[in-house]
>>> print(open('upload-v5.cif').read())   # mmCIF, C-alpha atoms
data_model
loop_
_atom_site.label_atom_id
_atom_site.label_comp_id
_atom_site.auth_asym_id
_atom_site.auth_seq_id
_atom_site.Cartn_x
_atom_site.Cartn_y
_atom_site.Cartn_z
CA MET A 85 0.00 0.00 0.00
CA GLY A 86 1.30 3.43 -0.87
CA SER A 87 1.66 6.44 1.36
CA PRO A 88 -1.60 8.23 2.23
CA LYS A 89 -2.26 11.53 0.56
CA LYS A 90 -1.01 14.53 2.48
CA ASN A 91 -4.48 15.83 3.33
CA GLU A 92 -5.58 12.38 4.41
CA SER A 93 -2.58 11.42 6.52
CA LYS A 94 -3.93 12.98 9.68
CA GLY A 95 -6.20 9.94 10.13
CA PHE A 96 -8.91 10.26 12.76
CA PHE A 97 -7.57 13.68 13.87
CA ALA A 98 -8.24 15.33 10.48
CA ALA A 99 -11.91 16.24 10.87
CA MET A 100 -11.42 17.54 14.41
CA THR A 101 -8.44 19.69 13.39
CA SER A 102 -10.25 21.24 10.45
CA GLY A 103 -13.40 21.93 12.44
CA LEU A 104 -11.59 23.59 15.32
CA SER A 105 -9.68 25.86 12.94
CA LEU A 106 -12.92 27.19 11.49
CA PHE A 107 -14.45 27.44 14.96
CA SER A 108 -11.54 29.50 16.27
CA ASN A 109 -11.60 31.86 13.30
CA ALA A 110 -15.28 32.52 13.82
CA MET A 111 -14.65 33.34 17.47
CA HIS A 112 -11.93 35.82 16.60
CA ARG A 113 -14.08 37.69 14.06
CA SER A 114 -17.12 37.88 16.30
CA VAL A 115 -15.59 40.16 18.96
CA ASN A 116 -13.79 42.67 16.73
CA GLY A 117 -14.34 46.39 17.26
CA ILE A 118 -16.03 46.49 20.68
CA LEU A 119 -15.92 49.24 23.29
CA GLY A 120 -15.59 51.96 20.65
CA TYR A 121 -11.91 51.25 20.01
CA GLU A 122 -11.19 50.63 16.35
CA GLY A 123 -9.30 47.38 15.79
CA VAL A 124 -9.73 45.98 19.32
CA GLU A 125 -10.24 42.23 19.50
CA VAL A 126 -10.95 40.76 22.93
CA ILE A 127 -11.21 37.02 23.43
CA ASN A 128 -12.28 35.15 26.54
CA PRO A 129 -10.85 31.62 26.09
CA GLU A 130 -13.30 30.27 28.65
CA GLY A 131 -16.40 31.89 27.15
CA GLY A 132 -18.14 32.95 23.95
CA LYS A 133 -18.57 36.09 21.92
CA GLU A 134 -21.12 37.56 24.35
CA ASP A 135 -18.41 37.62 27.05
CA ALA A 136 -16.01 39.86 25.13
CA GLU A 137 -17.05 43.24 26.52
CA GLU A 138 -16.97 42.00 30.11
CA GLU A 139 -13.61 40.34 29.46
CA ALA A 140 -12.20 43.63 28.14
CA GLN A 141 -12.53 45.19 31.60
CA ARG A 142 -10.34 42.51 33.18
CA GLY A 143 -6.61 42.02 33.08
CA ARG A 144 -3.47 43.57 34.58
CA TRP A 145 -4.02 47.14 33.36
CA LYS A 146 -5.75 49.95 35.21
CA GLN A 147 -8.36 51.73 33.12
CA ASP A 148 -6.40 54.97 32.65
CA GLU A 149 -3.20 53.07 31.86
CA ARG A 150 -5.04 50.89 29.35
CA GLU A 151 -6.49 53.81 27.45
CA SER A 152 -3.20 55.70 27.44
CA TYR A 153 -1.22 52.76 26.17
CA TRP A 154 -3.81 51.99 23.50
CA LYS A 155 -3.48 55.53 22.14
CA MET A 156 0.27 55.06 21.91
CA MET A 157 0.20 51.57 20.41
CA HIS A 158 -2.63 51.58 17.87
CA LYS A 159 -0.43 53.31 15.26
CA TYR A 160 1.79 50.20 15.20
CA ILE A 161 -1.02 47.87 14.09
CA GLY A 162 0.30 45.60 11.35
CA SER A 163 3.95 46.24 12.24
CA ASP A 164 6.77 44.07 13.54
CA VAL A 165 7.29 45.46 17.04
CA THR A 166 10.20 43.21 18.04
CA SER A 167 12.48 46.09 18.98
CA MET A 168 10.76 49.35 18.03
CA VAL A 169 8.41 49.90 20.98
CA THR A 170 9.06 50.92 24.58
CA LEU A 171 7.03 48.68 26.86
CA PRO A 172 5.82 49.37 30.42
CA VAL A 173 7.58 47.43 33.15
CA LEU A 174 4.32 46.03 34.53
CA ILE A 175 4.16 43.43 31.74
CA PHE A 176 7.62 41.97 32.52
CA GLU A 177 8.73 39.09 34.72
CA PRO A 178 12.04 39.24 36.65
CA MET A 179 14.14 37.25 34.20
CA THR A 180 15.71 37.74 30.78
CA MET A 181 15.09 35.90 27.54
CA LEU A 182 18.42 34.14 28.03
CA GLN A 183 17.11 32.55 31.22
CA LYS A 184 13.77 31.70 29.64
CA MET A 185 15.58 29.81 26.89
CA ALA A 186 16.94 27.47 29.58
CA GLU A 187 13.45 26.35 30.60
CA LEU A 188 13.44 23.89 27.70
CA MET A 189 15.98 21.86 29.65
CA GLU A 190 13.55 21.08 32.50
CA TYR A 191 12.45 17.82 30.84
CA SER A 192 15.74 16.95 29.17
CA TYR A 193 15.47 13.40 30.48
CA LEU A 194 13.16 12.83 27.51
CA LEU A 195 16.14 13.51 25.23
CA ASP A 196 18.17 11.07 27.32
CA GLN A 197 15.48 8.46 26.66
CA ALA A 198 15.43 9.34 22.95
CA ASP A 199 19.19 8.77 22.78
CA GLU A 200 18.90 5.39 24.50
CA CYS A 201 15.90 4.26 22.42
CA GLU A 202 16.47 1.58 19.76
CA ASP A 203 13.19 2.21 17.91
CA PRO A 204 13.71 5.16 15.49
CA TYR A 205 10.04 6.16 15.63
CA LEU A 206 9.69 5.96 19.38
CA ARG A 207 12.87 8.04 19.54
CA LEU A 208 10.97 10.83 17.80
CA VAL A 209 8.06 10.45 20.26
CA TYR A 210 10.41 11.16 23.16
CA ALA A 211 12.18 14.02 21.41
CA ALA A 212 8.93 15.69 20.29
CA SER A 213 7.48 15.40 23.80
CA TRP A 214 10.58 17.18 25.09
CA ALA A 215 9.97 20.00 22.60
CA ILE A 216 6.32 20.28 23.68
CA SER A 217 7.15 20.43 27.39
CA VAL A 218 8.28 24.08 27.34
CA TYR A 219 4.84 25.27 26.24
CA TYR A 220 3.47 24.92 29.76
CA ALA A 221 5.62 27.89 30.72
CA TYR A 222 3.71 29.96 28.14
CA GLN A 223 0.87 30.15 30.63
CA ARG A 224 3.09 32.64 32.44
CA THR A 225 2.13 35.56 30.23
CA TRP A 226 4.70 38.02 31.57
CA LYS A 227 7.36 39.08 29.10
CA PRO A 228 11.04 38.42 29.90
CA PHE A 229 13.41 41.38 29.62
CA ASN A 230 15.55 41.77 26.51
CA PRO A 231 19.21 41.12 27.40
CA ILE A 232 21.84 43.68 26.55
CA LEU A 233 24.24 42.92 23.71
CA GLY A 234 26.92 40.49 24.87
CA GLU A 235 25.06 39.46 28.02
CA THR A 236 25.40 35.78 28.91
CA TYR A 237 23.55 33.32 31.12
CA GLU A 238 25.00 30.05 32.35
CA MET A 239 23.26 27.15 34.08
CA VAL A 240 25.67 24.67 35.63
CA ASN A 241 25.01 21.01 36.46
CA HIS A 242 21.21 21.11 36.31
CA GLY A 243 20.63 17.36 36.42
CA GLY A 244 23.94 16.82 34.71
CA ILE A 245 23.30 19.48 32.07
CA THR A 246 25.33 22.56 31.29
CA PHE A 247 23.55 25.38 29.44
CA ILE A 248 24.91 28.69 28.21
CA SER A 249 23.28 31.45 26.15
CA GLU A 250 24.36 34.85 24.84
CA GLN A 251 22.66 37.87 23.31
CA VAL A 252 24.38 38.14 19.91
CA SER A 253 22.30 40.94 18.36
CA HIS A 254 20.45 43.87 19.90
CA HIS A 255 18.46 45.18 16.90
CA PRO A 256 16.82 42.90 16.00
CA PRO A 257 17.04 40.91 19.27
CA MET A 258 18.72 37.55 18.71
CA SER A 259 20.12 35.01 21.15
CA ALA A 260 22.22 31.87 20.77
CA GLY A 261 22.25 28.95 23.18
CA HIS A 262 24.07 25.65 23.67
CA SER A 263 23.46 22.80 26.08
CA GLU A 264 24.75 19.28 26.46
CA ASN A 265 25.17 16.23 28.64
CA GLU A 266 26.37 12.69 28.00
CA HIS A 267 23.38 11.92 25.74
CA PHE A 268 22.81 14.98 23.56
CA THR A 269 23.90 18.40 22.40
CA TYR A 270 21.39 21.18 21.84
CA ASP A 271 22.01 24.32 19.77
CA VAL A 272 19.56 27.14 19.18
CA THR A 273 19.52 30.52 17.50
CA SER A 274 16.50 32.35 18.88
CA LYS A 275 15.06 35.02 16.60
CA LEU A 276 11.47 36.20 16.31
CA LYS A 277 9.31 38.16 13.92
CA THR A 278 6.10 39.69 15.18
CA LYS A 279 2.93 41.28 13.86
CA PHE A 280 1.05 43.61 16.19
CA LEU A 281 -2.72 43.37 15.68
CA GLY A 282 -4.00 45.89 18.22
CA ASN A 283 -4.91 43.75 21.20
CA SER A 284 -2.96 40.69 20.14
CA LEU A 285 0.47 39.81 18.82
CA ASP A 286 1.42 37.11 16.34
CA VAL A 287 4.90 35.71 17.00
CA TYR A 288 6.77 33.78 14.32
CA PRO A 289 9.95 31.88 15.32
CA VAL A 290 12.53 32.20 12.52
CA GLY A 291 15.59 30.90 14.35
CA ARG A 292 17.07 27.41 14.15
CA THR A 293 16.99 24.57 16.68
CA ARG A 294 19.10 21.41 16.36
CA VAL A 295 19.54 18.44 18.68
CA THR A 296 22.23 15.79 18.19
CA LEU A 297 21.76 12.44 19.93
CA LYS A 298 25.26 11.27 20.73
CA ARG A 299 24.96 7.48 20.68
CA ASP A 300 24.08 7.18 16.98
CA GLY A 301 24.91 10.72 15.86
CA VAL A 302 21.27 11.39 14.91
CA VAL A 303 20.57 15.06 14.15
CA LEU A 304 17.08 16.44 14.80
CA ASP A 305 15.78 19.73 13.40
CA LEU A 306 12.87 21.48 15.13
CA VAL A 307 10.43 23.94 13.57
CA PRO A 308 8.00 25.20 16.27
CA PRO A 309 4.51 26.55 15.60
CA PRO A 310 3.69 30.27 15.61
CA THR A 311 2.33 31.77 18.82
CA LYS A 312 -0.51 34.23 19.36
CA VAL A 313 -0.58 36.42 22.48
CA ASN A 314 -4.19 37.48 23.08
CA ASN A 315 -5.60 40.38 25.11
CA LEU A 316 -2.41 42.39 25.41
CA ILE A 317 -4.15 45.56 26.64
CA PHE A 318 -7.86 44.76 27.04
CA GLY A 319 -8.74 41.60 28.96
CA ARG A 320 -6.70 38.88 30.62
CA THR A 321 -3.61 38.02 28.61
CA TRP A 322 -3.36 34.43 27.40
CA VAL A 323 -1.28 32.55 24.86
CA ASP A 324 -2.23 30.10 22.12
CA SER A 325 0.04 28.35 19.61
CA PRO A 326 -2.20 27.09 16.79
CA GLY A 327 -0.30 25.42 13.97
CA GLU A 328 2.26 22.75 13.18
CA MET A 329 5.35 21.66 15.02
CA ILE A 330 7.69 19.63 12.82
CA MET A 331 10.70 17.70 14.07
CA THR A 332 12.77 16.05 11.34
CA ASN A 333 15.45 13.41 11.70
CA LEU A 334 17.99 14.82 9.24
CA THR A 335 19.93 11.55 9.37
CA THR A 336 17.11 9.20 8.28
CA GLY A 337 14.35 11.45 6.90
CA ASP A 338 11.80 10.32 9.51
CA LYS A 339 9.76 13.12 11.07
CA VAL A 340 6.99 13.95 13.51
CA VAL A 341 4.27 16.46 12.62
CA LEU A 342 2.10 17.69 15.50
CA TYR A 343 -0.95 19.93 15.22
CA PHE A 344 -1.48 22.39 18.06
CA GLN A 345 -5.23 22.91 18.06
CA PRO A 346 -6.54 26.49 18.19
CA CYS A 347 -8.67 27.48 21.16
CA GLY A 348 -12.36 27.75 20.27
CA TRP A 349 -15.37 29.04 22.14
CA PHE A 350 -15.57 27.98 25.80
CA GLY A 351 -12.04 26.59 25.63
CA THR A 352 -12.78 23.95 22.99
CA GLY A 353 -9.52 22.45 21.77
CA ARG A 354 -7.35 24.53 24.07
CA TYR A 355 -3.99 22.88 24.89
CA GLU A 356 -4.69 19.90 22.61
CA VAL A 357 -1.91 18.46 20.46
CA ASP A 358 -2.35 15.66 17.90
CA GLY A 359 -0.23 14.23 15.13
CA TYR A 360 1.92 11.43 13.79
CA VAL A 361 5.43 10.11 13.51
CA TYR A 362 6.19 9.37 9.85
CA ASN A 363 8.92 7.34 8.21
CA ALA A 364 11.05 8.73 5.37
CA ASP A 365 8.32 7.69 2.88
CA GLU A 366 5.78 9.80 4.82
CA GLU A 367 3.89 6.75 6.05
CA PRO A 368 2.42 7.19 9.58
CA LYS A 369 3.95 4.87 12.18
CA ILE A 370 2.90 6.22 15.58
CA LEU A 371 0.06 8.54 16.52
CA MET A 372 0.52 11.08 19.29
CA THR A 373 -2.14 12.91 21.26
CA GLY A 374 -2.39 14.87 24.48
CA LYS A 375 -2.34 18.33 25.99
CA TRP A 376 0.74 20.54 26.12
CA ASN A 377 -0.05 21.56 29.69
CA GLU A 378 -0.50 17.99 31.01
CA SER A 379 0.92 14.95 29.24
CA MET A 380 1.34 13.18 25.91
CA SER A 381 0.30 9.70 24.81
CA TYR A 382 1.28 7.56 21.85
CA GLN A 383 0.12 4.41 20.05
CA PRO A 384 1.35 2.49 16.98
CA CYS A 385 -0.88 3.04 13.94
CA ASP A 386 -1.49 1.59 10.47
CA MET A 387 -0.84 3.31 7.15
CA GLU A 388 -4.21 5.04 7.34
CA GLY A 389 -3.31 6.57 10.70
CA GLU A 390 -5.69 4.37 12.69
CA PRO A 391 -4.55 2.65 15.92
CA LEU A 392 -3.21 -0.88 15.40
CA GLN A 393 -5.36 -3.65 16.80
CA GLY A 394 -3.92 -5.18 19.91
CA THR A 395 -2.10 -2.01 20.94
CA GLU A 396 -3.05 0.55 23.55
CA LEU A 397 -2.56 4.25 24.07
CA LYS A 398 0.40 4.80 26.42
CA ARG A 399 0.76 7.99 28.43
CA PHE A 400 4.02 9.32 29.72
CA GLY A 401 5.96 12.46 30.41
CA MET A 402 5.02 15.82 31.68
CA LEU A 403 2.75 15.30 34.67
CA LEU A 404 4.73 17.50 37.08
CA MET A 405 4.72 20.60 34.89
CA LEU A 406 2.73 22.73 37.30
CA GLN A 407 5.21 22.29 40.11
CA LYS A 408 8.35 22.51 37.98
CA MET A 409 7.76 24.96 35.15
CA THR A 410 6.14 27.65 37.28
CA ASN A 411 9.04 27.51 39.73
CA PHE A 412 11.48 28.93 37.22
CA SER A 413 13.70 30.23 40.01
CA THR A 414 15.16 26.73 40.33
CA LEU A 415 16.81 27.29 36.97
CA ILE A 416 18.69 30.40 38.08
CA LEU A 417 21.78 28.64 39.31
CA HIS A 418 24.58 30.78 37.99
CA ILE A 419 24.56 34.02 35.98
CA LYS A 420 27.57 35.50 34.27
#
>>> encode(input="upload-v5.cif", output="structure tokens")
Amino acid sequence: MGSPKKNESKGFFAAMTSGLSLFSNAMHRSVNGILGYEGVEVINPEGGKEDAEEEAQRGRWKQDERESYWKMMHKYIGSDVTSMVTLPVLIFEPMTMLQKMAELMEYSYLLDQADECEDPYLRLVYAASWAISVYYAYQRTWKPFNPILGETYEMVNHGGITFISEQVSHHPPMSAGHSENEHFTYDVTSKLKTKFLGNSLDVYPVGRTRVTLKRDGVVLDLVPPPTKVNNLIFGRTWVDSPGEMIMTNLTTGDKVVLYFQPCGWFGTGRYEVDGYVYNADEEPKILMTGKWNESMSYQPCDMEGEPLQGTELKRFGMLLMLQKMTNFSTLILHIK
């Protein structure tokens, strides 16, 4: 049997993914232009369109601060605001982007397991779950400070891992990081493009992330999904990352494609991640499903993407995220 067509290879996830995308888009359109502010879009992820005006009165801003900042910011609608806008300190958390980059190492044991794994497809399950684990920290909606040019951050012996990062460009902001232990090396160039939409911000990662598993020399390339920060000024700020995450084994051609579902009305689809591990011929081998703020599960599948008879869905991974990822101070071990 040949490889399934690209638009059919999502198996039993396909209809759900398509429906939620349309649902989310409808939600976003329905609340545009409320409160007399042109271009304001307020979204309550736990409610529907009738909740938008009430939601707009919530959030971290005082009313006078909100109106003042809106007057300053609305002229930037449609622009990349990566480094051109002065931001108020009330939206920041007490750490820099260099430190935040280190949070991806919290669940690095999944990379250790990927390196030790004999099955090439299960290896991608572990590695992709590691990449997903950092998204829990996105529920902290405070912005890290931009480092100054040449600033470095070093994390020493965090579970056997050494991590170092440096700010290599100031305008536009760009950081580089490296981490390793006995099982893997991790290299990242962190660069973002943004599009300011009034009360939300689209963030597009355009850097490069590579992981090398030392035992077999396997090189993995990661392309994360875009991120949308909602309710920047009006309403309670929250983050969604609708789109694809692709991790490719550059050594063999195998890959995993995961679909981060968009949040719909009343939280439908929020946090959900679904997708498949494919071989080099783009035939599905393992299905993956779960929530990026809880845990992931996997199960072998047939060439149509359906679960294999006699197999069961196995859950593993990130069940202690709440305790670990919110306590980011444990990562601040040594700063240079």
>>> closest_residue(input="upload-v5.cif", among="A:Tyr205, A:Thr352, A:Arg292, A:Thr395", to="Pro368 (chain A)", atoms="only C-alpha atoms")
A:Tyr205
>>> residues_around(input="upload-v5.cif", residues="Leu397 (chain A)", least_positions_apart="3", cutoff="8 Å", atoms="all atoms listed in the file", output="mmCIF file with C-alpha atoms, in the frame of the given file")
data_model
loop_
_atom_site.group_PDB
_atom_site.id
_atom_site.type_symbol
_atom_site.label_atom_id
_atom_site.label_comp_id
_atom_site.auth_asym_id
_atom_site.auth_seq_id
_atom_site.Cartn_x
_atom_site.Cartn_y
_atom_site.Cartn_z
ATOM 1 C CA SER A 381 0.300 9.700 24.810
ATOM 2 C CA TYR A 382 1.280 7.560 21.850
ATOM 3 C CA GLN A 383 0.120 4.410 20.050
#
>>> resolve_selection(input="upload-v5.cif", expression="the PyMOL selection byres ((chain A and resi 131) around 6)", output="VMD selection string")
chain A and resid 128 to 130 132 349 to 350
>>> residues_around(input="upload-v5.cif", residues="Ala364 (chain A)", least_positions_apart="3", cutoff="7 Å", atoms="only C-alpha atoms", output="PyMOL selection string")
chain A and resi 336-338
>>> closest_residue(input="upload-v5.cif", among="A:Phe318, A:Tyr237, A:Trp154, A:Tyr270", to="Val126 (chain A)", atoms="all atoms listed in the file")
A:Phe318
>>> resolve_selection(input="upload-v5.cif", expression="the PyMOL selection byres ((chain A and resi 300-302) around 8)", output="list in words")
Asp199, Thr296, Leu297, Lys298, Arg299, Val303, Leu304, Asn333, Leu334 and Thr335 of chain A
>>> atom_distance(input="upload-v5.cif", atom1="CA of Pro309 (chain A)", atom2="CA of Gly327 (chain A)")
5.2 Å
>>> decode(input="upload-v5.cif", residues="region 232-243 of chain A", atoms="all heavy atoms", output="CSV table (one decimal), in the first residue's frame")
chain,number,residue,atom,x,y,z
A,232,ILE,N,21.0,42.7,27.2
A,232,ILE,CA,21.8,43.7,26.6
A,232,ILE,C,22.8,42.9,25.7
A,232,ILE,O,23.1,41.7,25.9
A,232,ILE,CB,22.6,44.6,27.5
A,232,ILE,CG1,23.5,43.7,28.4
A,232,ILE,CG2,21.7,45.4,28.4
A,232,ILE,CD1,24.4,44.6,29.3
A,233,LEU,N,23.3,43.6,24.6
A,233,LEU,CA,24.2,42.9,23.7
A,233,LEU,C,25.5,42.4,24.4
A,233,LEU,O,26.1,43.1,25.2
A,233,LEU,CB,24.7,43.9,22.6
A,233,LEU,CG,25.6,43.4,21.5
A,233,LEU,CD1,24.9,42.3,20.8
A,233,LEU,CD2,26.0,44.5,20.6
A,234,GLY,N,25.8,41.1,24.2
A,234,GLY,CA,26.9,40.5,24.9
A,234,GLY,C,26.6,39.9,26.2
A,234,GLY,O,27.5,39.2,26.8
A,235,GLU,N,25.4,40.1,26.7
A,235,GLU,CA,25.1,39.5,28.0
A,235,GLU,C,25.0,37.9,27.9
A,235,GLU,O,24.6,37.4,26.9
A,235,GLU,CB,23.7,40.0,28.5
A,235,GLU,CG,23.2,39.4,29.8
A,235,GLU,CD,21.9,40.0,30.3
A,235,GLU,OE1,21.5,41.1,29.8
A,235,GLU,OE2,21.3,39.4,31.1
A,236,THR,N,25.4,37.2,28.9
A,236,THR,CA,25.4,35.8,28.9
A,236,THR,C,24.7,35.3,30.1
A,236,THR,O,24.5,35.9,31.1
A,236,THR,CB,26.8,35.2,28.9
A,236,THR,OG1,27.5,35.5,30.1
A,236,THR,CG2,27.6,35.6,27.7
A,237,TYR,N,24.2,34.0,30.0
A,237,TYR,CA,23.6,33.3,31.1
A,237,TYR,C,24.1,31.9,31.1
A,237,TYR,O,24.2,31.3,30.0
A,237,TYR,CB,22.0,33.3,31.0
A,237,TYR,CG,21.3,32.4,32.0
A,237,TYR,CD1,21.1,32.8,33.3
A,237,TYR,CD2,20.9,31.1,31.6
A,237,TYR,CE1,20.5,32.0,34.2
A,237,TYR,CE2,20.3,30.3,32.5
A,237,TYR,CZ,20.1,30.7,33.8
A,237,TYR,OH,19.5,29.9,34.7
A,238,GLU,N,24.5,31.4,32.3
A,238,GLU,CA,25.0,30.0,32.3
A,238,GLU,C,24.3,29.3,33.4
A,238,GLU,O,24.1,29.8,34.5
A,238,GLU,CB,26.5,30.1,32.6
A,238,GLU,CG,27.1,28.7,32.6
A,238,GLU,CD,28.6,28.8,32.8
A,238,GLU,OE1,29.2,29.9,33.0
A,238,GLU,OE2,29.3,27.7,32.8
A,239,MET,N,23.9,28.1,33.1
A,239,MET,CA,23.3,27.2,34.1
A,239,MET,C,24.2,25.9,34.2
A,239,MET,O,24.5,25.3,33.2
A,239,MET,CB,21.9,26.7,33.6
A,239,MET,CG,21.1,25.8,34.5
A,239,MET,SD,19.5,25.5,33.9
A,239,MET,CE,19.8,24.4,32.5
A,240,VAL,N,24.6,25.7,35.4
A,240,VAL,CA,25.7,24.7,35.6
A,240,VAL,C,25.1,23.5,36.4
A,240,VAL,O,24.5,23.6,37.4
A,240,VAL,CB,26.9,25.3,36.4
A,240,VAL,CG1,27.9,24.2,36.7
A,240,VAL,CG2,27.5,26.4,35.7
A,241,ASN,N,25.3,22.3,35.8
A,241,ASN,CA,25.0,21.0,36.5
A,241,ASN,C,23.6,20.9,36.9
A,241,ASN,O,23.3,20.6,38.1
A,241,ASN,CB,25.9,20.7,37.6
A,241,ASN,CG,25.9,19.3,38.1
A,241,ASN,OD1,25.6,18.4,37.3
A,241,ASN,ND2,26.1,19.1,39.4
A,242,HIS,N,22.6,21.3,36.0
A,242,HIS,CA,21.2,21.1,36.3
A,242,HIS,C,20.8,19.7,35.8
A,242,HIS,O,20.5,19.5,34.7
A,242,HIS,CB,20.4,22.2,35.6
A,242,HIS,CG,18.9,22.0,35.8
A,242,HIS,ND1,18.3,22.3,37.0
A,242,HIS,CD2,17.9,21.6,35.0
A,242,HIS,CE1,17.0,22.1,36.9
A,242,HIS,NE2,16.7,21.7,35.7
A,243,GLY,N,20.9,18.8,36.8
A,243,GLY,CA,20.6,17.4,36.4
A,243,GLY,C,21.7,16.8,35.5
A,243,GLY,O,21.3,16.0,34.6
